[in-house]
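Take a look at the structure below.
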Amino acid sequence: MTILQDEKLLFTPAIPHSDALRTIFAFPNQYSVGITSLGYQIVWATLALRSDIQVSRLFTDFQESLPRYPELVGFSFSWELDYVNILSLLESLEIPCHSHQRQDQQAIIFGGGPVLTANPEPFAAFFDVILLGDGENLIADFINAYQEVRNADRPIKLRHLAQVPGVYVPSLYTVNYDSPEGEITAILPIDNNVPTFVSKQTYRSNTLSASTVVTKQAAWENIYMVEVVRSCPEMCRFCLASYLTLPFRTASLESLIPAIEKGLKVTDRLGLLGASVSQHPEFETLLDYLFQPKFEGVRLSIASVRTNTVTEKLARILSQRDTKSITIAVESGSDRLREIINKKLANDEIIQAAINAKAGGLKGIKLYGMVGIPGEETEDIAATVEMLIALKKAASGLRISFGCSTFVPKSHTPFQWFGVNKMAEKRLKYLEKQLGKQGIEFRPESYNWSVIQALLSRGDRRLTSLLELTRGYGDSLGSYKRAFKELKGQIPPLDYYVHQQWRLEQVLPWSHLHGPLSSNVLVKHLEDSQTKR
């Protein structure tokens, strides 16, 4: 019971009535990871605040008292390889992993979160219902619609739920291919009563999310999280976090400040969340508020900030609030490459950010970059090394680390048609060698993991059998290659999903699932990036 005793709730759960929906809401990982997810916290609280729902939480290492015969089982899906845990949890509940194997009396399995909103197709067979987009209103719409058909047969339930905007029922769509190893030719609803397209839902408000629970058992111990902004106005051409979550929204100070004060009554650790927190239009005012003497003991953490907003004032406030370093995404040291990806940033701004960070008392700066960006040449990699050397000289004594990933194509972005650059692995090794000579800490993300990410990012329903095979083999690239070998002739090769550049007119696995921008707009953004080469 230690886990529950350590929780400090910031809401009062409703008392379920006698006929409440028996619901399990799961996070397919350990409790410490799941309870640190703001998205999971918000949906759980939304369910727990309803008297018509009896909700129990389920993690891989902890569970509340679960109903023997649940009516709804939901999953918050944030990391691709957690699909293995989804299947294991379903088996532990004695529920078939495939939707078509489930009987009338068995629970409706629903899922949401960033993985499923981006591209649910590799995992579609495991879910009866997938919720696309922001959950604030979508969860209520889904539950209300379910209540209307609660006692109906399973097919009637699914058809009714499919009429709700943002609710995707994979079994009501067929996917046609020109051959087992070929391209998708069409994705069609099974009849005229099923919507042809499903659109991601967008929550539009100037009141954003804040933690509903604080606990020392969280991965970020005792942190209270406040969402300052949602999406990002920069729209880097590869960035799922920007394109999929458009438009850029900011929380009003009238909602932010009471939320912060509410959280700081139960903890002294505050996290400001968002893809571009410092681009909040009243960010300076928020900083001044947090710099008041009454918050002197508060430990403040801030998500990645835009480079040209790293002022000496910001650094000083962070350093006095127990923050040791600041994180900024620069992507590359090449001006040309940053133009291609629409990163509105110059090297002198990056260097000035480091100078300001040091002057304000911060001890370190963490930069994030990327290799394998479409249009990248070897001289662009050299430019990154030169920029980091110049930064080190300009801010001598500041601890510098450079984290670097490989470009992975993401759905609903202008770069979704590109594949992973096979030269990326060599370029990571080049950076490691050159930066090591300069004493600059280099933290590369695994190239093999990037390959798996790309596979799942661009995957279609034919990957279901492959995922089930790799579940037993492990999550290494070797396991996936072994599974592809076993399924040769039945599904496209690894290269098709990961490295191949797709045609602009090609039917994509998610073509029937609409994001914030149309395919035509994404093509225009792609064409604009190619004029920068």
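By convention in this document, the chains of the structure tokens carry letters A, B, ... by their order, each chain's residues are numbered from 1, and ligands are numbered from 1 in the order they are shown.
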
With only C-alpha atoms counted and 10 Å as the cut-off, give the residues of stretch 352-384 of chain A in contact with stretch 437-447 of chain A, each with its shortest interatomic distance in Å and the pair that gives it, as JSON lines.
```
{"residue": "A:Lys366", "atom": "CA", "partner": "A:Glu441", "partner_atom": "CA", "distance": 9.5}
{"residue": "A:Leu367", "atom": "CA", "partner": "A:Phe442", "partner_atom": "CA", "distance": 9.7}
{"residue": "A:Tyr368", "atom": "CA", "partner": "A:Arg443", "partner_atom": "CA", "distance": 9.1}
{"residue": "A:Gly369", "atom": "CA", "partner": "A:Pro444", "partner_atom": "CA", "distance": 9.3}
{"residue": "A:Met370", "atom": "CA", "partner": "A:Pro444", "partner_atom": "CA", "distance": 9.2}
{"residue": "A:Val371", "atom": "CA", "partner": "A:Pro444", "partner_atom": "CA", "distance": 10.0}
```

Selection export as a PDB file, in the first residue's frame, atoms kept: all heavy atoms:
```
ATOM      1  N   LYS A 366      22.837  21.644 -22.343  1.00  0.00           N
ATOM      2  CA  LYS A 366      22.623  20.424 -23.111  1.00  0.00           C
ATOM      3  C   LYS A 366      22.034  20.801 -24.462  1.00  0.00           C
ATOM      4  O   LYS A 366      20.977  21.419 -24.538  1.00  0.00           O
ATOM      5  CB  LYS A 366      21.657  19.492 -22.367  1.00  0.00           C
ATOM      6  CG  LYS A 366      22.142  19.058 -20.990  1.00  0.00           C
ATOM      7  CD  LYS A 366      21.080  18.245 -20.269  1.00  0.00           C
ATOM      8  CE  LYS A 366      21.531  17.864 -18.860  1.00  0.00           C
ATOM      9  NZ  LYS A 366      20.471  17.118 -18.118  1.00  0.00           N
ATOM     10  N   LEU A 367      22.755  20.443 -25.510  1.00  0.00           N
ATOM     11  CA  LEU A 367      22.298  20.710 -26.864  1.00  0.00           C
ATOM     12  C   LEU A 367      21.819  19.406 -27.494  1.00  0.00           C
ATOM     13  O   LEU A 367      22.395  18.344 -27.252  1.00  0.00           O
ATOM     14  CB  LEU A 367      23.420  21.304 -27.708  1.00  0.00           C
ATOM     15  CG  LEU A 367      24.133  22.545 -27.146  1.00  0.00           C
ATOM     16  CD1 LEU A 367      25.280  22.944 -28.050  1.00  0.00           C
ATOM     17  CD2 LEU A 367      23.150  23.690 -27.003  1.00  0.00           C
ATOM     18  N   TYR A 368      20.752  19.496 -28.288  1.00  0.00           N
ATOM     19  CA  TYR A 368      20.273  18.323 -29.006  1.00  0.00           C
ATOM     20  C   TYR A 368      20.363  18.555 -30.501  1.00  0.00           C
ATOM     21  O   TYR A 368      19.967  19.604 -31.003  1.00  0.00           O
ATOM     22  CB  TYR A 368      18.829  17.989 -28.607  1.00  0.00           C
ATOM     23  CG  TYR A 368      18.753  17.274 -27.284  1.00  0.00           C
ATOM     24  CD1 TYR A 368      18.328  17.947 -26.135  1.00  0.00           C
ATOM     25  CD2 TYR A 368      19.166  15.951 -27.165  1.00  0.00           C
ATOM     26  CE1 TYR A 368      18.282  17.292 -24.907  1.00  0.00           C
ATOM     27  CE2 TYR A 368      19.130  15.300 -25.944  1.00  0.00           C
ATOM     28  CZ  TYR A 368      18.681  15.970 -24.820  1.00  0.00           C
ATOM     29  OH  TYR A 368      18.658  15.329 -23.605  1.00  0.00           O
ATOM     30  N   GLY A 369      20.917  17.580 -31.187  1.00  0.00           N
ATOM     31  CA  GLY A 369      21.064  17.664 -32.630  1.00  0.00           C
ATOM     32  C   GLY A 369      20.588  16.404 -33.309  1.00  0.00           C
ATOM     33  O   GLY A 369      20.064  15.488 -32.681  1.00  0.00           O
ATOM     34  N   MET A 370      20.811  16.362 -34.619  1.00  0.00           N
ATOM     35  CA  MET A 370      20.301  15.254 -35.404  1.00  0.00           C
ATOM     36  C   MET A 370      21.216  15.036 -36.606  1.00  0.00           C
ATOM     37  O   MET A 370      21.751  15.991 -37.169  1.00  0.00           O
ATOM     38  CB  MET A 370      18.873  15.587 -35.866  1.00  0.00           C
ATOM     39  CG  MET A 370      18.140  14.472 -36.575  1.00  0.00           C
ATOM     40  SD  MET A 370      16.465  14.990 -37.054  1.00  0.00           S
ATOM     41  CE  MET A 370      15.675  15.074 -35.440  1.00  0.00           C
ATOM     42  N   VAL A 371      21.402  13.787 -36.988  1.00  0.00           N
ATOM     43  CA  VAL A 371      22.102  13.462 -38.228  1.00  0.00           C
ATOM     44  C   VAL A 371      21.125  12.760 -39.160  1.00  0.00           C
ATOM     45  O   VAL A 371      20.084  12.251 -38.729  1.00  0.00           O
ATOM     46  CB  VAL A 371      23.334  12.565 -38.003  1.00  0.00           C
ATOM     47  CG1 VAL A 371      24.372  13.271 -37.155  1.00  0.00           C
ATOM     48  CG2 VAL A 371      22.944  11.228 -37.379  1.00  0.00           C
TER      49      VAL A 371
END
```

- prompt: Using only C-alpha atoms, which residues sit within 8 Å of stretch 323-328 of chain A once same-chain residues fewer than 6 positions away are excluded, as a list of chain:residue names?
  reply: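 In the requested format, the answer is A:Arg299, A:Leu300, A:Ser301, A:Ile302, A:Ala303, A:Ser304, A:Val305, A:Arg306, A:Thr307, A:Ala315, A:Ala357, A:Leu362, A:Lys363, A:Gly364, A:Ile365, A:Lys366, A:Leu367, A:Tyr368.
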
Expected file: the selected residues, N, CA, C and O atoms, as a PDB file, in the first residue's frame:
```
ATOM      1  N   ARG A 299      12.304  24.138  -6.349  1.00  0.00           N
ATOM      2  CA  ARG A 299      13.197  23.634  -7.401  1.00  0.00           C
ATOM      3  C   ARG A 299      12.438  23.696  -8.720  1.00  0.00           C
ATOM      4  O   ARG A 299      11.414  23.044  -8.884  1.00  0.00           O
ATOM      5  N   LEU A 300      12.955  24.451  -9.646  1.00  0.00           N
ATOM      6  CA  LEU A 300      12.270  24.694 -10.912  1.00  0.00           C
ATOM      7  C   LEU A 300      12.957  23.953 -12.052  1.00  0.00           C
ATOM      8  O   LEU A 300      14.164  24.069 -12.244  1.00  0.00           O
ATOM      9  N   SER A 301      12.179  23.190 -12.794  1.00  0.00           N
ATOM     10  CA  SER A 301      12.677  22.526 -14.005  1.00  0.00           C
ATOM     11  C   SER A 301      11.887  23.075 -15.185  1.00  0.00           C
ATOM     12  O   SER A 301      10.697  23.358 -15.079  1.00  0.00           O
ATOM     13  N   ILE A 302      12.575  23.210 -16.301  1.00  0.00           N
ATOM     14  CA  ILE A 302      11.922  23.760 -17.481  1.00  0.00           C
ATOM     15  C   ILE A 302      12.277  22.898 -18.691  1.00  0.00           C
ATOM     16  O   ILE A 302      13.421  22.459 -18.837  1.00  0.00           O
ATOM     17  N   ALA A 303      11.291  22.629 -19.530  1.00  0.00           N
ATOM     18  CA  ALA A 303      11.534  21.828 -20.731  1.00  0.00           C
ATOM     19  C   ALA A 303      12.383  22.630 -21.710  1.00  0.00           C
ATOM     20  O   ALA A 303      12.714  23.783 -21.467  1.00  0.00           O
ATOM     21  N   SER A 304      12.730  22.020 -22.802  1.00  0.00           N
ATOM     22  CA  SER A 304      13.572  22.646 -23.822  1.00  0.00           C
ATOM     23  C   SER A 304      13.048  24.027 -24.211  1.00  0.00           C
ATOM     24  O   SER A 304      11.851  24.209 -24.423  1.00  0.00           O
ATOM     25  N   VAL A 305      13.961  24.985 -24.275  1.00  0.00           N
ATOM     26  CA  VAL A 305      13.571  26.363 -24.603  1.00  0.00           C
ATOM     27  C   VAL A 305      14.188  26.781 -25.934  1.00  0.00           C
ATOM     28  O   VAL A 305      15.168  26.206 -26.398  1.00  0.00           O
ATOM     29  N   ARG A 306      13.590  27.774 -26.552  1.00  0.00           N
ATOM     30  CA  ARG A 306      14.141  28.283 -27.801  1.00  0.00           C
ATOM     31  C   ARG A 306      15.424  29.057 -27.503  1.00  0.00           C
ATOM     32  O   ARG A 306      15.512  29.819 -26.540  1.00  0.00           O
ATOM     33  N   THR A 307      16.387  28.866 -28.365  1.00  0.00           N
ATOM     34  CA  THR A 307      17.740  29.376 -28.124  1.00  0.00           C
ATOM     35  C   THR A 307      17.772  30.879 -27.864  1.00  0.00           C
ATOM     36  O   THR A 307      18.427  31.340 -26.925  1.00  0.00           O
ATOM     37  N   ALA A 315      18.636  32.433 -17.045  1.00  0.00           N
ATOM     38  CA  ALA A 315      19.652  31.556 -16.456  1.00  0.00           C
ATOM     39  C   ALA A 315      19.817  31.814 -14.969  1.00  0.00           C
ATOM     40  O   ALA A 315      19.964  30.879 -14.171  1.00  0.00           O
ATOM     41  N   ALA A 357      23.924  31.614 -20.411  1.00  0.00           N
ATOM     42  CA  ALA A 357      23.725  30.549 -19.419  1.00  0.00           C
ATOM     43  C   ALA A 357      24.838  30.583 -18.379  1.00  0.00           C
ATOM     44  O   ALA A 357      24.579  30.495 -17.168  1.00  0.00           O
ATOM     45  N   LEU A 362      24.407  29.179 -14.490  1.00  0.00           N
ATOM     46  CA  LEU A 362      24.192  27.765 -14.808  1.00  0.00           C
ATOM     47  C   LEU A 362      25.530  27.074 -15.011  1.00  0.00           C
ATOM     48  O   LEU A 362      26.517  27.687 -15.441  1.00  0.00           O
ATOM     49  N   LYS A 363      25.578  25.795 -14.700  1.00  0.00           N
ATOM     50  CA  LYS A 363      26.836  25.039 -14.799  1.00  0.00           C
ATOM     51  C   LYS A 363      26.998  24.321 -16.131  1.00  0.00           C
ATOM     52  O   LYS A 363      28.111  23.959 -16.514  1.00  0.00           O
ATOM     53  N   GLY A 364      25.876  24.068 -16.807  1.00  0.00           N
ATOM     54  CA  GLY A 364      25.975  23.316 -18.038  1.00  0.00           C
ATOM     55  C   GLY A 364      24.901  23.671 -19.043  1.00  0.00           C
ATOM     56  O   GLY A 364      23.892  24.317 -18.717  1.00  0.00           O
ATOM     57  N   ILE A 365      25.118  23.246 -20.268  1.00  0.00           N
ATOM     58  CA  ILE A 365      24.123  23.416 -21.323  1.00  0.00           C
ATOM     59  C   ILE A 365      24.056  22.118 -22.122  1.00  0.00           C
ATOM     60  O   ILE A 365      25.086  21.525 -22.453  1.00  0.00           O
ATOM     61  N   LYS A 366      22.837  21.644 -22.343  1.00  0.00           N
ATOM     62  CA  LYS A 366      22.623  20.424 -23.111  1.00  0.00           C
ATOM     63  C   LYS A 366      22.034  20.801 -24.462  1.00  0.00           C
ATOM     64  O   LYS A 366      20.977  21.419 -24.538  1.00  0.00           O
ATOM     65  N   LEU A 367      22.755  20.443 -25.510  1.00  0.00           N
ATOM     66  CA  LEU A 367      22.298  20.710 -26.864  1.00  0.00           C
ATOM     67  C   LEU A 367      21.819  19.406 -27.494  1.00  0.00           C
ATOM     68  O   LEU A 367      22.395  18.344 -27.252  1.00  0.00           O
ATOM     69  N   TYR A 368      20.752  19.496 -28.288  1.00  0.00           N
ATOM     70  CA  TYR A 368      20.273  18.323 -29.006  1.00  0.00           C
ATOM     71  C   TYR A 368      20.363  18.555 -30.501  1.00  0.00           C
ATOM     72  O   TYR A 368      19.967  19.604 -31.003  1.00  0.00           O
TER      73      TYR A 368
END
```

**OP:** Tell me which protein, DNA and RNA residues are within 8 Å of stretch 270-279 of chain A, counting only C-alpha atoms, leaving out same-chain ones fewer than 2 positions away, and put them as a list in words.
**Re:**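 The residues that qualify are Ile223, Tyr224, Met225, Val226, Glu227, Val228, Val229, Arg230, Ser231, Cys232, Ala241, Ser242, Ile260, Gly263, Leu264, Thr267, Asp268, Pro281, Phe283, Val298, Arg299, Leu300, Ser301, Ile302, Ala303, Ser304, Val305, Arg306 and Thr309 of chain A.
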
Hey, which of A:Met235, A:Ile452, A:Leu93, A:Leu138 ends up closest to A:Leu81? Count only C-alpha atoms.
->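 With only C-alpha atoms as the atom set, the closest residue is A:Ile452.
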
task: Find the spatial neighbours of stretch 243-250 of chain A, counting only C-alpha atoms, within a cut-off of 10 Å - ignore same-chain residues fewer than 2 positions away - and output them as a PyMOL selection string.
output: chain A and resi 114+117-118+133-134+200-208+227-241+252-253+256+274-277+279-282+410-414+514-517+522

(Q) Please return, as a ChimeraX atom specification, all residues of stretch 66-241 of chain A that DSSP assigns to strand (DSSP E or B) on the basis of the backbone. (A) /A:72-76,108-112,129-131,133,167-168,173-177,184-189,198-199,201,210,213-214,223-227,229-230

How would the residues just picked look written out with C-alpha atoms as a PDB file, in the first residue's frame?
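Output file selection_22.pdb is given in full below:
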```pdb
ATOM      1  CA  LEU A  72     -13.687  -0.937 -20.710  1.00  0.00           C
ATOM      2  CA  VAL A  73      -9.898  -1.364 -20.641  1.00  0.00           C
ATOM      3  CA  GLY A  74      -7.856   1.619 -21.771  1.00  0.00           C
ATOM      4  CA  PHE A  75      -4.162   2.123 -22.457  1.00  0.00           C
ATOM      5  CA  SER A  76      -2.135   5.327 -22.522  1.00  0.00           C
ATOM      6  CA  ILE A 108     -13.871  -2.955 -25.245  1.00  0.00           C
ATOM      7  CA  ILE A 109     -10.123  -2.228 -25.478  1.00  0.00           C
ATOM      8  CA  PHE A 110      -9.361   1.407 -26.214  1.00  0.00           C
ATOM      9  CA  GLY A 111      -6.103   3.306 -26.489  1.00  0.00           C
ATOM     10  CA  GLY A 112      -4.763   6.790 -26.938  1.00  0.00           C
ATOM     11  CA  VAL A 129     -11.124   1.633 -30.377  1.00  0.00           C
ATOM     12  CA  ILE A 130      -8.367   4.217 -30.787  1.00  0.00           C
ATOM     13  CA  LEU A 131      -8.797   7.817 -29.632  1.00  0.00           C
ATOM     14  CA  GLY A 133      -5.786  13.554 -30.453  1.00  0.00           C
ATOM     15  CA  VAL A 167     -12.860   7.802 -32.414  1.00  0.00           C
ATOM     16  CA  TYR A 168     -11.231   5.316 -34.798  1.00  0.00           C
ATOM     17  CA  TYR A 173     -11.773  -0.323 -42.318  1.00  0.00           C
ATOM     18  CA  THR A 174     -10.178  -2.588 -44.895  1.00  0.00           C
ATOM     19  CA  VAL A 175      -6.685  -2.074 -46.298  1.00  0.00           C
ATOM     20  CA  ASN A 176      -5.901  -3.212 -49.844  1.00  0.00           C
ATOM     21  CA  TYR A 177      -2.386  -3.836 -51.186  1.00  0.00           C
ATOM     22  CA  ILE A 184      -1.167   0.145 -50.120  1.00  0.00           C
ATOM     23  CA  THR A 185      -3.708   0.785 -52.874  1.00  0.00           C
ATOM     24  CA  ALA A 186      -6.692   1.840 -50.744  1.00  0.00           C
ATOM     25  CA  ILE A 187      -7.986   2.176 -47.177  1.00  0.00           C
ATOM     26  CA  LEU A 188     -11.774   2.012 -47.156  1.00  0.00           C
ATOM     27  CA  PRO A 189     -14.616   1.844 -44.626  1.00  0.00           C
ATOM     28  CA  VAL A 198     -11.246  10.116 -38.935  1.00  0.00           C
ATOM     29  CA  SER A 199      -9.833  13.459 -37.797  1.00  0.00           C
ATOM     30  CA  GLN A 201      -9.295  16.090 -32.145  1.00  0.00           C
ATOM     31  CA  ALA A 210      -1.503  20.368 -14.657  1.00  0.00           C
ATOM     32  CA  VAL A 213      -1.192  13.686  -8.397  1.00  0.00           C
ATOM     33  CA  VAL A 214       2.249  14.222  -6.844  1.00  0.00           C
ATOM     34  CA  ILE A 223       7.342  16.873  -9.299  1.00  0.00           C
ATOM     35  CA  TYR A 224       4.263  18.959  -9.990  1.00  0.00           C
ATOM     36  CA  MET A 225       3.917  19.539 -13.730  1.00  0.00           C
ATOM     37  CA  VAL A 226       2.216  22.474 -15.429  1.00  0.00           C
ATOM     38  CA  GLU A 227       1.705  22.653 -19.172  1.00  0.00           C
ATOM     39  CA  VAL A 229       2.293  25.749 -24.009  1.00  0.00           C
ATOM     40  CA  ARG A 230       1.046  23.039 -26.352  1.00  0.00           C
TER      41      ARG A 230
END
```

Exercise. Could you write out, as JSON, numbers by chain, all the residues of stretch 202-277 of chain A that DSSP marks as helix (DSSP H, G or I)?
Worked result: {"A": [240, 241, 242, 243, 253, 254, 255, 256, 257, 258, 259, 260, 261, 262, 263, 277]}

Using only C-alpha atoms, the shortest atom-to-atom distance to A:Phe142 among A:Leu47, A:Val523, A:Ala124, A:Leu466 belongs to A:Leu47

Shortest contact to A:Phe126, candidates A:Val420, A:Leu161, A:Ile53, A:Val84, atoms counted only C-alpha atoms, goes to A:Val84

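What separates atom CA of A:Glu80 from atom CA of A:Asp495 is a distance of 19.1 Å.
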
If you count only C-alpha atoms, the residue of A:Gln217, A:Thr311, A:Ser51, A:Thr406 closest to A:Lys8 turns out to be A:Gln217

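The spacing separating atom CA of A:Ala359 from atom CA of A:Arg399 amounts to 13.0 Å.
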
- Residues at most 9 Å from A:Tyr40, counting only C-alpha atoms, excluding those fewer than 6 positions away in the same chain, as a list in words? Phe25, Ala26, Phe27, Gly34, Phe75, Ser76, Phe77 and Gly113 of chain A

Could you list, as number ranges by chain, every residue within 10 Å of A:Gly182, counting only C-alpha atoms and ignoring same-chain residues fewer than 5 positions away? A: 176-177, 490-493, 496

Output file for the residues above (C-alpha atoms, as a short mmCIF file (atom, residue, chain, number, x, y, z; two decimals), in the first residue's frame):
```cif
data_model
loop_
_atom_site.label_atom_id
_atom_site.label_comp_id
_atom_site.auth_asym_id
_atom_site.auth_seq_id
_atom_site.Cartn_x
_atom_site.Cartn_y
_atom_site.Cartn_z
CA ASN A 176 -5.90 -3.21 -49.84
CA TYR A 177 -2.39 -3.84 -51.19
CA GLN A 490 4.41 -12.21 -46.71
CA ILE A 491 5.23 -8.57 -45.86
CA PRO A 492 7.44 -5.87 -47.39
CA PRO A 493 11.15 -5.96 -46.46
CA TYR A 496 10.62 -0.56 -47.61
#
```

Determine, counting only C-alpha atoms, which protein, DNA and RNA residues have an atom within 12 Å of an atom of A:Glu468; residues of the same chain fewer than 5 positions away are not included. Present the result as a list of chain:residue names.
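Contacts, with the query itself left out: A:Leu81, A:Tyr83, A:Val84, A:Asn85, A:Ile86, A:Leu87, A:Ser88, A:Cys97, A:His98, A:Pro122, A:Phe123, A:Ala125, A:Phe126, A:Arg462, A:Leu463, A:Tyr473, A:Gly474, A:Asp475, A:Ser479, A:Tyr480, A:Ala483, A:Phe484, A:Leu487.
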
Of A:Leu477, A:Leu4, A:Ala145, A:Val408, the one sitting nearest A:Ala424 when using only C-alpha atoms is A:Val408

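Here atom CA of A:Pro180 and atom CA of A:Gln103 stand 29.2 Å from one another.
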